[in-house]
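Have a look at model_31.txt; it's compact mmCIF, C-alpha atoms:
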```txt
# COMPACT_ATOMS: atom_id res chain seq x y z
CA MET P 1 119.78 -0.10 -51.74
CA ALA P 2 120.55 -3.44 -50.09
CA ASN P 3 117.72 -5.57 -48.70
CA VAL P 4 118.85 -7.23 -45.49
CA GLY P 5 116.86 -9.90 -43.67
CA VAL P 6 116.95 -10.04 -39.87
CA ILE P 7 115.75 -13.23 -38.17
CA LEU P 8 114.21 -12.50 -34.77
CA SER P 9 113.39 -15.18 -32.20
CA GLY P 10 111.05 -13.50 -29.71
CA CYS P 11 111.56 -10.45 -27.50
CA GLY P 12 113.84 -10.69 -24.47
CA VAL P 13 117.28 -12.13 -23.78
CA TYR P 14 116.14 -15.18 -21.77
CA ASP P 15 113.44 -16.54 -24.11
CA GLY P 16 113.74 -14.53 -27.32
CA SER P 17 115.96 -12.15 -29.26
CA GLU P 18 118.43 -10.17 -27.16
CA ILE P 19 116.70 -6.80 -27.47
CA HIS P 20 119.82 -4.61 -27.42
CA GLU P 21 121.53 -6.72 -30.07
CA ALA P 22 118.43 -6.68 -32.28
CA VAL P 23 117.85 -2.91 -32.02
CA ILE P 24 121.54 -2.08 -32.53
CA THR P 25 121.44 -4.29 -35.64
CA LEU P 26 118.33 -2.52 -37.00
CA LEU P 27 119.84 0.92 -36.29
CA ALA P 28 123.19 0.08 -37.90
CA LEU P 29 121.44 -1.27 -41.00
CA ASP P 30 119.13 1.75 -41.30
CA ARG P 31 122.00 4.21 -40.81
CA ALA P 32 123.89 2.47 -43.61
CA GLY P 33 120.89 2.93 -45.92
CA ALA P 34 119.85 -0.73 -46.02
CA GLU P 35 116.22 -1.78 -46.29
CA VAL P 36 115.47 -4.16 -43.41
CA ILE P 37 113.18 -7.17 -43.71
CA CYS P 38 112.43 -8.56 -40.25
CA MET P 39 111.19 -12.12 -40.02
CA ALA P 40 110.57 -14.83 -37.42
CA PRO P 41 109.11 -18.33 -37.30
CA ASP P 42 105.38 -18.60 -36.51
CA MET P 43 105.68 -21.00 -33.54
CA GLU P 44 105.07 -21.27 -29.82
CA GLN P 45 107.76 -20.45 -27.25
CA GLY P 46 108.20 -20.82 -23.52
CA VAL P 47 108.27 -17.73 -21.30
CA VAL P 48 110.91 -16.61 -18.80
CA ASN P 49 110.15 -13.97 -16.18
CA HIS P 50 112.97 -11.50 -16.90
CA LEU P 51 112.71 -9.95 -13.44
CA THR P 52 113.49 -13.23 -11.65
CA GLY P 53 115.14 -15.20 -14.47
CA GLU P 54 112.78 -18.10 -13.71
CA PRO P 55 110.63 -19.94 -16.30
CA VAL P 56 106.90 -19.21 -16.09
CA GLU P 57 105.31 -22.65 -15.82
CA GLY P 58 102.69 -23.31 -18.50
CA ALA P 59 103.01 -19.88 -20.13
CA VAL P 60 103.20 -19.83 -23.92
CA ARG P 61 103.76 -16.96 -26.35
CA ASN P 62 104.14 -16.82 -30.12
CA VAL P 63 107.63 -16.11 -31.49
CA LEU P 64 106.37 -14.13 -34.50
CA GLU P 65 104.04 -11.98 -32.36
CA GLU P 66 106.72 -11.30 -29.73
CA SER P 67 109.33 -10.54 -32.39
CA ALA P 68 106.85 -8.04 -33.86
CA ARG P 69 107.42 -5.94 -30.71
CA ILE P 70 111.01 -5.31 -31.78
CA ALA P 71 109.98 -4.79 -35.42
CA ARG P 72 107.12 -2.39 -34.54
CA GLY P 73 104.71 -4.74 -36.33
CA LYS P 74 106.61 -4.77 -39.63
CA ILE P 75 107.61 -8.42 -39.79
CA SER P 76 107.08 -11.49 -41.97
CA ASP P 77 106.71 -15.19 -41.28
CA ILE P 78 110.12 -16.58 -42.26
CA ALA P 79 108.31 -19.27 -44.27
CA ASN P 80 107.42 -16.53 -46.78
CA ILE P 81 110.99 -15.24 -47.29
CA GLN P 82 113.36 -16.69 -49.86
CA ALA P 83 117.08 -16.00 -50.38
CA ALA P 84 116.10 -14.24 -53.63
CA ASP P 85 114.24 -11.60 -51.57
CA ILE P 86 117.33 -10.43 -49.67
CA ASP P 87 120.97 -9.50 -50.29
CA ALA P 88 122.22 -10.51 -46.85
CA LEU P 89 120.96 -12.08 -43.62
CA VAL P 90 121.57 -11.25 -39.94
CA LEU P 91 120.81 -13.41 -36.90
CA PRO P 92 120.96 -11.48 -33.61
CA GLY P 93 121.42 -13.51 -30.43
CA GLY P 94 119.54 -14.06 -27.21
CA PHE P 95 118.36 -17.40 -25.83
CA GLY P 96 115.58 -17.36 -28.44
CA ALA P 97 118.22 -18.23 -31.03
CA ALA P 98 119.10 -21.34 -28.97
CA LYS P 99 115.58 -22.19 -27.70
CA ASN P 100 113.26 -21.24 -30.59
CA LEU P 101 115.28 -21.03 -33.82
CA CYS P 102 116.91 -24.26 -32.71
CA ASP P 103 116.91 -26.29 -29.49
CA PHE P 104 120.63 -26.09 -28.70
CA ALA P 105 119.86 -24.74 -25.21
CA PHE P 106 118.09 -28.02 -24.40
CA LYS P 107 119.89 -30.63 -26.54
CA GLY P 108 123.37 -29.22 -27.20
CA THR P 109 125.08 -30.67 -30.26
CA ASP P 110 122.11 -33.01 -30.86
CA CYS P 111 119.92 -29.96 -31.52
CA GLU P 112 117.58 -29.53 -34.45
CA VAL P 113 117.21 -26.24 -36.30
CA HIS P 114 113.74 -24.90 -37.13
CA PRO P 115 113.18 -26.14 -40.72
CA GLN P 116 112.45 -22.68 -42.18
CA VAL P 117 115.48 -21.16 -40.46
CA ALA P 118 117.68 -24.03 -41.67
CA ARG P 119 116.28 -23.63 -45.19
CA LEU P 120 117.00 -19.89 -45.39
CA VAL P 121 120.51 -20.18 -43.89
CA ARG P 122 121.30 -22.95 -46.36
CA GLU P 123 119.89 -20.93 -49.30
CA ILE P 124 121.84 -17.79 -48.36
CA VAL P 125 125.15 -19.60 -47.95
CA ALA P 126 124.59 -21.52 -51.18
CA ALA P 127 123.85 -18.24 -53.00
CA LYS P 128 127.14 -16.79 -51.66
CA LYS P 129 125.21 -13.95 -50.03
CA PRO P 130 126.73 -12.69 -46.76
CA LEU P 131 125.37 -13.87 -43.41
CA ALA P 132 126.09 -12.44 -39.95
CA ALA P 133 125.48 -14.47 -36.79
CA ILE P 134 125.70 -12.63 -33.46
CA CYS P 135 126.16 -13.87 -29.88
CA ILE P 136 124.82 -17.45 -29.53
CA ALA P 137 123.23 -17.53 -33.03
CA PRO P 138 126.34 -19.17 -34.58
CA VAL P 139 125.31 -22.49 -32.93
CA LEU P 140 122.45 -22.91 -35.39
CA VAL P 141 124.62 -21.93 -38.36
CA ALA P 142 127.15 -24.53 -37.21
CA LYS P 143 124.46 -27.19 -37.01
CA VAL P 144 123.08 -26.45 -40.49
CA LEU P 145 126.45 -26.22 -42.23
CA GLY P 146 127.93 -29.06 -40.20
CA ASN P 147 125.07 -31.34 -41.28
CA ASP P 148 125.88 -30.36 -44.87
CA LYS P 149 129.60 -31.16 -44.28
CA LEU P 150 130.49 -27.62 -45.31
CA ALA P 151 133.80 -26.47 -43.76
CA HIS P 152 133.34 -23.06 -42.15
CA GLN P 153 134.61 -20.71 -39.42
CA LEU P 154 132.60 -19.14 -36.60
CA THR P 155 133.05 -17.49 -33.22
CA ILE P 156 130.91 -17.41 -30.11
CA GLY P 157 133.59 -15.48 -28.24
CA SER P 158 135.72 -17.61 -25.94
CA ASP P 159 133.37 -19.78 -23.85
CA GLU P 160 135.10 -23.15 -23.91
CA GLY P 161 132.05 -25.36 -23.64
CA THR P 162 130.16 -23.60 -26.42
CA ALA P 163 133.27 -23.41 -28.60
CA GLN P 164 133.75 -27.17 -28.20
CA ALA P 165 130.12 -27.73 -29.16
CA LEU P 166 130.64 -25.70 -32.34
CA THR P 167 133.69 -27.77 -33.18
CA ALA P 168 131.74 -30.98 -32.53
CA MET P 169 129.02 -29.80 -34.94
CA GLY P 170 131.57 -29.14 -37.68
CA SER P 171 132.83 -25.55 -37.27
CA GLU P 172 136.35 -24.26 -36.91
CA HIS P 173 135.95 -22.04 -33.85
CA ILE P 174 138.04 -18.87 -33.58
CA ASN P 175 138.23 -16.94 -30.31
CA CYS P 176 137.16 -13.31 -30.62
CA PRO P 177 136.60 -10.40 -28.17
CA ALA P 178 133.22 -8.69 -27.76
CA ASP P 179 134.15 -5.58 -29.71
CA GLU P 180 135.41 -7.47 -32.76
CA PHE P 181 134.16 -10.02 -35.32
CA ILE P 182 135.59 -12.76 -37.47
CA ILE P 183 135.00 -13.38 -41.19
CA ASP P 184 134.85 -16.67 -43.02
CA GLN P 185 135.74 -15.17 -46.42
CA GLU P 186 135.09 -18.37 -48.36
CA ASN P 187 131.48 -18.68 -47.16
CA LYS P 188 130.86 -14.96 -46.52
CA ILE P 189 129.93 -15.67 -42.90
CA ILE P 190 130.61 -13.06 -40.22
CA SER P 191 130.22 -13.68 -36.49
CA SER P 192 130.62 -11.54 -33.37
CA PRO P 193 130.25 -12.48 -29.68
CA ALA P 194 128.22 -9.45 -28.47
CA TYR P 195 126.62 -10.39 -25.11
CA MET P 196 128.36 -13.80 -25.06
CA LEU P 197 131.21 -11.61 -23.73
CA ALA P 198 130.16 -7.96 -23.61
CA GLY P 199 130.01 -6.34 -20.19
CA SER P 200 127.99 -3.38 -21.40
CA ILE P 201 125.62 -2.32 -24.16
CA SER P 202 128.38 -0.09 -25.63
CA GLU P 203 130.75 -3.01 -25.92
CA ALA P 204 128.08 -5.14 -27.63
CA ALA P 205 127.28 -2.23 -29.95
CA GLU P 206 130.88 -1.80 -31.02
CA GLY P 207 131.13 -5.41 -32.22
CA ILE P 208 127.71 -5.37 -33.87
CA GLU P 209 128.29 -2.07 -35.69
CA LYS P 210 131.58 -3.41 -37.09
CA THR P 211 129.81 -6.65 -38.05
CA ILE P 212 127.05 -4.86 -39.97
CA LYS P 213 129.58 -2.64 -41.76
CA ALA P 214 131.58 -5.71 -42.83
CA LEU P 215 128.38 -7.52 -43.88
CA LEU P 216 127.24 -4.68 -46.14
CA GLU P 217 130.70 -4.40 -47.71
CA MET P 218 130.47 -8.08 -48.73
CA ILE P 219 127.22 -7.65 -50.69
CA MET A 1 129.95 9.29 -13.07
CA ALA A 2 126.33 10.44 -13.41
CA ASN A 3 123.52 8.15 -12.23
CA VAL A 4 120.61 8.41 -14.63
CA GLY A 5 117.20 6.87 -14.00
CA VAL A 6 115.20 5.48 -16.94
CA ILE A 7 111.48 4.82 -16.39
CA LEU A 8 110.27 1.93 -18.54
CA SER A 9 106.61 1.07 -19.07
CA GLY A 10 106.57 -2.46 -20.48
CA CYS A 11 108.14 -3.87 -23.64
CA GLY A 12 106.66 -3.01 -27.03
CA VAL A 13 105.40 0.16 -28.73
CA TYR A 14 101.66 -0.64 -28.52
CA ASP A 15 101.39 -1.61 -24.83
CA GLY A 16 104.76 -0.74 -23.28
CA SER A 17 107.98 1.16 -23.81
CA GLU A 18 108.89 1.82 -27.44
CA ILE A 19 111.77 -0.65 -27.66
CA HIS A 20 113.94 1.30 -30.11
CA GLU A 21 113.60 4.50 -28.09
CA ALA A 22 114.44 2.69 -24.85
CA VAL A 23 117.50 0.87 -26.23
CA ILE A 24 118.83 3.97 -28.02
CA THR A 25 118.47 5.82 -24.70
CA LEU A 26 120.37 3.10 -22.80
CA LEU A 27 123.13 3.01 -25.43
CA ALA A 28 123.54 6.80 -25.53
CA LEU A 29 123.75 6.94 -21.73
CA ASP A 30 126.27 4.09 -21.53
CA ARG A 31 128.43 5.56 -24.31
CA ALA A 32 128.52 8.86 -22.41
CA GLY A 33 129.77 7.03 -19.30
CA ALA A 34 126.57 7.36 -17.28
CA GLU A 35 125.43 4.70 -14.82
CA VAL A 36 121.88 3.68 -15.76
CA ILE A 37 119.21 2.81 -13.20
CA CYS A 38 116.22 1.26 -14.96
CA MET A 39 112.91 1.26 -13.12
CA ALA A 40 109.22 0.59 -13.77
CA PRO A 41 106.01 0.42 -11.76
CA ASP A 42 105.02 -3.02 -10.40
CA MET A 43 101.51 -3.14 -11.90
CA GLU A 44 99.34 -5.03 -14.38
CA GLN A 45 99.04 -3.98 -18.03
CA GLY A 46 96.90 -4.95 -20.99
CA VAL A 47 98.45 -6.76 -23.95
CA VAL A 48 98.42 -5.83 -27.64
CA ASN A 49 99.32 -8.36 -30.32
CA HIS A 50 102.09 -6.45 -32.13
CA LEU A 51 101.66 -8.54 -35.29
CA THR A 52 98.03 -7.50 -35.78
CA GLY A 53 97.90 -4.34 -33.66
CA GLU A 54 94.80 -5.73 -31.92
CA PRO A 55 94.31 -5.97 -28.13
CA VAL A 56 94.45 -9.51 -26.70
CA GLU A 57 91.19 -9.85 -24.76
CA GLY A 58 91.72 -10.84 -21.14
CA ALA A 59 95.51 -11.04 -21.39
CA VAL A 60 97.46 -9.41 -18.57
CA ARG A 61 101.20 -8.94 -18.09
CA ASN A 62 103.24 -7.16 -15.40
CA VAL A 63 104.88 -3.86 -16.38
CA LEU A 64 107.96 -4.40 -14.20
CA GLU A 65 108.51 -7.94 -15.53
CA GLU A 66 108.05 -6.90 -19.17
CA SER A 67 110.29 -3.85 -18.71
CA ALA A 68 112.93 -6.21 -17.32
CA ARG A 69 113.21 -7.64 -20.85
CA ILE A 70 114.64 -4.34 -22.08
CA ALA A 71 116.80 -3.97 -18.94
CA ARG A 72 118.16 -7.55 -19.14
CA GLY A 73 116.79 -8.16 -15.64
CA LYS A 74 118.61 -5.23 -14.01
CA ILE A 75 115.63 -3.12 -12.97
CA SER A 76 114.03 -1.72 -9.82
CA ASP A 77 110.47 -1.11 -8.71
CA ILE A 78 110.09 2.66 -9.12
CA ALA A 79 108.59 2.76 -5.60
CA ASN A 80 112.12 2.10 -4.29
CA ILE A 81 113.82 4.95 -6.18
CA GLN A 82 114.09 8.48 -4.80
CA ALA A 83 115.30 11.64 -6.53
CA ALA A 84 118.34 11.51 -4.22
CA ASP A 85 119.40 8.23 -5.92
CA ILE A 86 119.77 9.78 -9.38
CA ASP A 87 121.24 12.84 -11.08
CA ALA A 88 118.77 12.91 -13.98
CA LEU A 89 115.69 11.07 -15.23
CA VAL A 90 114.63 9.87 -18.71
CA LEU A 91 111.19 8.73 -19.83
CA PRO A 92 111.23 6.95 -23.20
CA GLY A 93 107.94 6.77 -25.09
CA GLY A 94 105.67 4.07 -26.45
CA PHE A 95 101.99 3.58 -25.61
CA GLY A 96 103.06 2.21 -22.22
CA ALA A 97 103.85 5.78 -21.18
CA ALA A 98 100.24 6.73 -22.01
CA LYS A 99 98.53 3.48 -20.90
CA ASN A 100 100.57 2.30 -17.88
CA LEU A 101 102.56 5.23 -16.49
CA CYS A 102 99.36 7.27 -16.89
CA ASP A 103 96.01 6.65 -18.59
CA PHE A 104 96.16 9.49 -21.12
CA ALA A 105 95.50 7.01 -23.98
CA PHE A 106 92.11 6.23 -22.43
CA LYS A 107 91.09 9.46 -20.67
CA GLY A 108 92.97 12.26 -22.44
CA THR A 109 93.42 15.42 -20.36
CA ASP A 110 91.41 13.85 -17.50
CA CYS A 111 94.16 11.24 -17.09
CA GLU A 112 95.75 10.24 -13.81
CA VAL A 113 99.47 9.56 -13.49
CA HIS A 114 100.72 6.46 -11.63
CA PRO A 115 101.39 7.78 -8.11
CA GLN A 116 105.02 6.61 -7.95
CA VAL A 117 105.76 8.06 -11.38
CA ALA A 118 104.11 11.36 -10.44
CA ARG A 119 106.07 11.40 -7.16
CA LEU A 120 109.47 10.89 -8.82
CA VAL A 121 108.81 13.40 -11.64
CA ARG A 122 107.73 15.96 -9.03
CA GLU A 123 110.81 15.24 -6.84
CA ILE A 124 113.24 15.53 -9.77
CA VAL A 125 111.78 18.81 -11.04
CA ALA A 126 111.69 20.23 -7.50
CA ALA A 127 115.34 19.24 -7.01
CA LYS A 128 116.24 21.07 -10.27
CA LYS A 129 117.69 17.85 -11.66
CA PRO A 130 117.30 17.45 -15.45
CA LEU A 131 114.48 15.36 -16.89
CA ALA A 132 114.06 14.17 -20.49
CA ALA A 133 110.67 13.06 -21.85
CA ILE A 134 110.62 11.34 -25.24
CA CYS A 135 107.82 10.72 -27.75
CA ILE A 136 104.42 10.60 -25.96
CA ALA A 137 105.94 10.63 -22.42
CA PRO A 138 105.60 14.46 -22.14
CA VAL A 139 101.84 14.00 -21.60
CA LEU A 140 102.41 12.64 -18.11
CA VAL A 141 104.95 15.34 -17.28
CA ALA A 142 102.38 17.94 -18.43
CA LYS A 143 99.73 16.40 -16.18
CA VAL A 144 101.97 16.32 -13.09
CA LEU A 145 103.37 19.84 -13.52
CA GLY A 146 100.05 21.24 -14.72
CA ASN A 147 98.35 19.92 -11.57
CA ASP A 148 101.07 21.72 -9.58
CA LYS A 149 100.43 24.95 -11.56
CA LEU A 150 104.10 24.99 -12.61
CA ALA A 151 104.62 26.86 -15.91
CA HIS A 152 106.73 24.73 -18.28
CA GLN A 153 107.50 23.99 -21.93
CA LEU A 154 107.26 20.64 -23.73
CA THR A 155 107.03 19.16 -27.21
CA ILE A 156 105.33 16.06 -28.57
CA GLY A 157 106.34 17.04 -32.10
CA SER A 158 103.56 18.65 -34.12
CA ASP A 159 100.42 16.52 -33.72
CA GLU A 160 97.70 19.13 -33.22
CA GLY A 161 95.37 17.09 -31.03
CA THR A 162 98.10 15.99 -28.63
CA ALA A 163 99.65 19.46 -28.57
CA GLN A 164 96.25 20.93 -27.66
CA ALA A 165 95.89 18.36 -24.87
CA LEU A 166 99.29 19.40 -23.47
CA THR A 167 98.22 23.02 -23.54
CA ALA A 168 94.96 22.15 -21.80
CA MET A 169 96.90 20.36 -19.05
CA GLY A 170 99.10 23.40 -18.46
CA SER A 171 102.10 23.18 -20.81
CA GLU A 172 103.36 25.65 -23.34
CA HIS A 173 103.71 23.39 -26.39
CA ILE A 174 106.52 24.07 -28.87
CA ASN A 175 106.57 22.30 -32.25
CA CYS A 176 109.75 20.31 -32.90
CA PRO A 177 110.97 17.93 -35.66
CA ALA A 178 111.91 14.30 -34.94
CA ASP A 179 115.66 14.86 -35.14
CA GLU A 180 115.67 17.76 -32.65
CA PHE A 181 114.63 18.50 -29.06
CA ILE A 182 113.49 21.47 -27.03
CA ILE A 183 114.74 22.63 -23.61
CA ASP A 184 112.81 24.29 -20.84
CA GLN A 185 115.87 25.89 -19.24
CA GLU A 186 114.02 27.14 -16.17
CA ASN A 187 112.80 23.65 -15.18
CA LYS A 188 115.62 21.66 -16.81
CA ILE A 189 113.11 19.67 -18.87
CA ILE A 190 114.09 18.36 -22.30
CA SER A 191 111.67 16.76 -24.75
CA SER A 192 112.00 15.20 -28.19
CA PRO A 193 109.31 13.73 -30.49
CA ALA A 194 111.11 10.53 -31.62
CA TYR A 195 108.48 8.14 -33.05
CA MET A 196 105.71 10.72 -32.61
CA LEU A 197 107.18 11.95 -35.92
CA ALA A 198 110.17 9.82 -36.92
CA GLY A 199 109.84 7.82 -40.12
CA SER A 200 112.80 5.58 -39.32
CA ILE A 201 114.86 4.28 -36.42
CA SER A 202 117.77 6.52 -37.54
CA GLU A 203 115.64 9.62 -37.35
CA ALA A 204 114.38 8.68 -33.88
CA ALA A 205 117.98 7.95 -32.81
CA GLU A 206 119.23 11.35 -33.95
CA GLY A 207 116.76 13.19 -31.73
CA ILE A 208 117.27 10.87 -28.76
CA GLU A 209 121.08 11.02 -28.94
CA LYS A 210 120.94 14.83 -28.97
CA THR A 211 118.46 14.73 -26.08
CA ILE A 212 120.70 12.54 -23.91
CA LYS A 213 123.74 14.70 -24.67
CA ALA A 214 121.83 17.83 -23.63
CA LEU A 215 120.48 16.06 -20.53
CA LEU A 216 123.94 15.05 -19.32
CA GLU A 217 125.30 18.55 -19.93
CA MET A 218 122.63 19.96 -17.59
CA ILE A 219 123.65 17.78 -14.62
```
As structure tokens - that is how I would like this structure written.
Amino acid sequence: MANVGVILSGCGVYDGSEIHEAVITLLALDRAGAEVICMAPDMEQGVVNHLTGEPVEGAVRNVLEESARIARGKISDIANIQAADIDALVLPGGFGAAKNLCDFAFKGTDCEVHPQVARLVREIVAAKKPLAAICIAPVLVAKVLGNDKLAHQLTIGSDEGTAQALTAMGSEHINCPADEFIIDQENKIISSPAYMLAGSISEAAEGIEKTIKALLEMI
Amino acid sequence: MANVGVILSGCGVYDGSEIHEAVITLLALDRAGAEVICMAPDMEQGVVNHLTGEPVEGAVRNVLEESARIARGKISDIANIQAADIDALVLPGGFGAAKNLCDFAFKGTDCEVHPQVARLVREIVAAKKPLAAICIAPVLVAKVLGNDKLAHQLTIGSDEGTAQALTAMGSEHINCPADEFIIDQENKIISSPAYMLAGSISEAAEGIEKTIKALLEMI
């Protein structure tokens, strides 16, 4: 049975993990017989009121505690997970991937990636274990691998500004529709746009289910 | 295209909607071509730290705002939804159904149901429109219909204490495994245990997917 790590980034599309993407990922992994190891960084995050879309001034939550909502309490601090513990790694999207796992949402291509997230992504790619990055999560993969001068391919769908940012950080960006994925065979990196493009939960699910199937086949 | 209401109760198994159950419900409805209308009561809720399982003393969140995380912001105050607006109604589970939509988790069979939730459940059943209650959500349906002296059948799986409470509130309880559902044909009420019994997200999904299929066939 494959052990697959899933990095969560909070709980809610505007300040954490995109909940649909995360749950569809967990369901696809479980249905394929994989053992899932959820993890998140133990750090503070800002809060967005998801009813209004507005930031809640002064409010602070903890990324690991909020991610535990999606994981039903079964989650580890990412600092305690090594590449040796898992056979593959998945990063669902949501603004948490661009606000908490890295600060791309605030600093663009000058972003920094959370050191534990950067460490694990680097370890997994170096170990030639497959990695899937969904929705906006490819931005942090681009930053880590770009810093390491490792040539690689990713997609965030077809948003021009974000695609240009990926290119600036060192990726080759490939356009991709919501219900598909792209594979960087050399580095065993899979990416799929999900809600970067999807107009419905079904459309996001189609791309994510294909992504997880391809990920497990690469183990 | 069917319009199906989904009553959410927060965001997280211990103080809100069970996230997997809610997302699997939304996905099954969307895949079947239904239009989903998410709703929740505009009210305060207590907070449980999902990493430790412990209540957070003094912390308060808003059920409608937290539910909006699962609905990606597309959600209505339940006070604004009438039975005439929808063709069917689904109540996913999670402790929010027993702490926010009613107070069964605190008061057992003496619980009260949130007035807007009780109103809509009563309207839907009176209109002979189908209703699905998942996981622990049947307790509030039992309370509403039991108060109205309406004979009906429900399942919460096989937990003896909860089954006895349903019976005491006026239901006929029927044992049911996690991957199945039961139908009260007379009242068009479907129920499925999901995480009351499920040992995995796949098992919960199997019962919920069957439940949604049966619900849509009854419209």
Quick one: everything within 6 Å of Ala132 in chain P, counting only C-alpha atoms, minus sequence neighbours fewer than 2 positions away in the same chain. Send it as a ChimeraX atom specification. /P:90,189-191
Which residues come within 8 Å of Cys111 in chain A, counting only C-alpha atoms, excluding same-chain residues fewer than 4 positions away, as a ChimeraX atom specification? /A:102-104,106-107,143
Please check the contacts: residues of chain A at most 9 Å away from chain P, using only C-alpha atoms, listed as an mmCIF file with C-alpha atoms, keeping the file's coordinate frame.
```
data_model
loop_
_atom_site.group_PDB
_atom_site.id
_atom_site.type_symbol
_atom_site.label_atom_id
_atom_site.label_comp_id
_atom_site.auth_asym_id
_atom_site.auth_seq_id
_atom_site.Cartn_x
_atom_site.Cartn_y
_atom_site.Cartn_z
ATOM 1 C CA CYS A 11 108.140 -3.870 -23.640
ATOM 2 C CA GLY A 12 106.660 -3.010 -27.030
ATOM 3 C CA VAL A 13 105.400 0.160 -28.730
ATOM 4 C CA TYR A 14 101.660 -0.640 -28.520
ATOM 5 C CA GLU A 18 108.890 1.820 -27.440
ATOM 6 C CA ILE A 19 111.770 -0.650 -27.660
ATOM 7 C CA HIS A 20 113.940 1.300 -30.110
ATOM 8 C CA VAL A 23 117.500 0.870 -26.230
ATOM 9 C CA ILE A 24 118.830 3.970 -28.020
ATOM 10 C CA LEU A 26 120.370 3.100 -22.800
ATOM 11 C CA LEU A 27 123.130 3.010 -25.430
ATOM 12 C CA ALA A 28 123.540 6.800 -25.530
ATOM 13 C CA ASP A 30 126.270 4.090 -21.530
ATOM 14 C CA ARG A 31 128.430 5.560 -24.310
ATOM 15 C CA ASN A 49 99.320 -8.360 -30.320
ATOM 16 C CA HIS A 50 102.090 -6.450 -32.130
ATOM 17 C CA LEU A 51 101.660 -8.540 -35.290
ATOM 18 C CA THR A 52 98.030 -7.500 -35.780
ATOM 19 C CA GLY A 53 97.900 -4.340 -33.660
ATOM 20 C CA LEU A 64 107.960 -4.400 -14.200
ATOM 21 C CA GLU A 65 108.510 -7.940 -15.530
ATOM 22 C CA GLU A 66 108.050 -6.900 -19.170
ATOM 23 C CA SER A 67 110.290 -3.850 -18.710
ATOM 24 C CA ALA A 68 112.930 -6.210 -17.320
ATOM 25 C CA ARG A 69 113.210 -7.640 -20.850
ATOM 26 C CA ILE A 70 114.640 -4.340 -22.080
ATOM 27 C CA ALA A 71 116.800 -3.970 -18.940
ATOM 28 C CA ARG A 72 118.160 -7.550 -19.140
ATOM 29 C CA GLY A 73 116.790 -8.160 -15.640
ATOM 30 C CA LYS A 74 118.610 -5.230 -14.010
ATOM 31 C CA ILE A 75 115.630 -3.120 -12.970
ATOM 32 C CA SER A 200 112.800 5.580 -39.320
ATOM 33 C CA ILE A 201 114.860 4.280 -36.420
ATOM 34 C CA SER A 202 117.770 6.520 -37.540
ATOM 35 C CA ALA A 205 117.980 7.950 -32.810
#
```
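Comparing the minimum interatomic distances between Gly199 in chain P and each of P:Ala178, P:Ile212, P:Ala97, P:Ile183, counting all atoms listed in the file, we find that P:Ala178 sits nearest.
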As JSON, numbers by chain, please: the residues near Asn100 in chain P (cut-off 9 Å, only C-alpha atoms, same-chain neighbours under 6 positions excluded). {"P": [9, 10, 15, 16, 41, 43, 44, 45, 46, 63, 113, 114]}
Contacts of Leu120 in chain P within 12 Å, all atoms listed in the file, excl. fewer than 3 positions in-chain, as JSON, numbers by chain: {"P": [5, 6, 7, 39, 40, 41, 78, 79, 80, 81, 82, 83, 84, 85, 86, 88, 89, 90, 91, 101, 113, 114, 115, 116, 117, 123, 124, 125, 126, 127, 129, 131, 140, 141, 144, 145]}
Give me, as a short mmCIF file (atom, residue, chain, number, x, y, z; two decimals) with C-alpha atoms, in the frame of the given file, all polymer residues having an atom no more than 8 Å from range 166-168 of chain A, counting all atoms listed in the file and skipping those fewer than 4 positions away in the same chain.
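result.cif, freshly written:
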```cif
data_model
loop_
_atom_site.label_atom_id
_atom_site.label_comp_id
_atom_site.auth_asym_id
_atom_site.auth_seq_id
_atom_site.Cartn_x
_atom_site.Cartn_y
_atom_site.Cartn_z
CA THR A 109 93.42 15.42 -20.36
CA VAL A 139 101.84 14.00 -21.60
CA ALA A 142 102.38 17.94 -18.43
CA LYS A 143 99.73 16.40 -16.18
CA THR A 162 98.10 15.99 -28.63
CA GLU A 172 103.36 25.65 -23.34
CA HIS A 173 103.71 23.39 -26.39
#
```
Atom completion result for range 16-22 of chain P (N, CA and C atoms) as a compact mmCIF listing (two decimals), in the coordinates of the input:
```txt
# COMPACT_ATOMS: atom_id res chain seq x y z
N GLY P 16 113.94 -15.05 -25.97
CA GLY P 16 113.74 -14.53 -27.32
C GLY P 16 114.99 -13.86 -27.84
N SER P 17 114.82 -12.93 -28.77
CA SER P 17 115.96 -12.15 -29.26
C SER P 17 116.51 -11.28 -28.14
N GLU P 18 117.82 -11.15 -28.07
CA GLU P 18 118.43 -10.17 -27.16
C GLU P 18 118.06 -8.80 -27.73
N ILE P 19 117.30 -8.03 -26.95
CA ILE P 19 116.70 -6.80 -27.47
C ILE P 19 117.74 -5.77 -27.88
N HIS P 20 118.78 -5.59 -27.07
CA HIS P 20 119.82 -4.61 -27.42
C HIS P 20 120.49 -5.00 -28.73
N GLU P 21 120.86 -6.27 -28.84
CA GLU P 21 121.53 -6.72 -30.07
C GLU P 21 120.64 -6.52 -31.29
N ALA P 22 119.35 -6.82 -31.15
CA ALA P 22 118.43 -6.68 -32.28
C ALA P 22 118.27 -5.22 -32.68
```
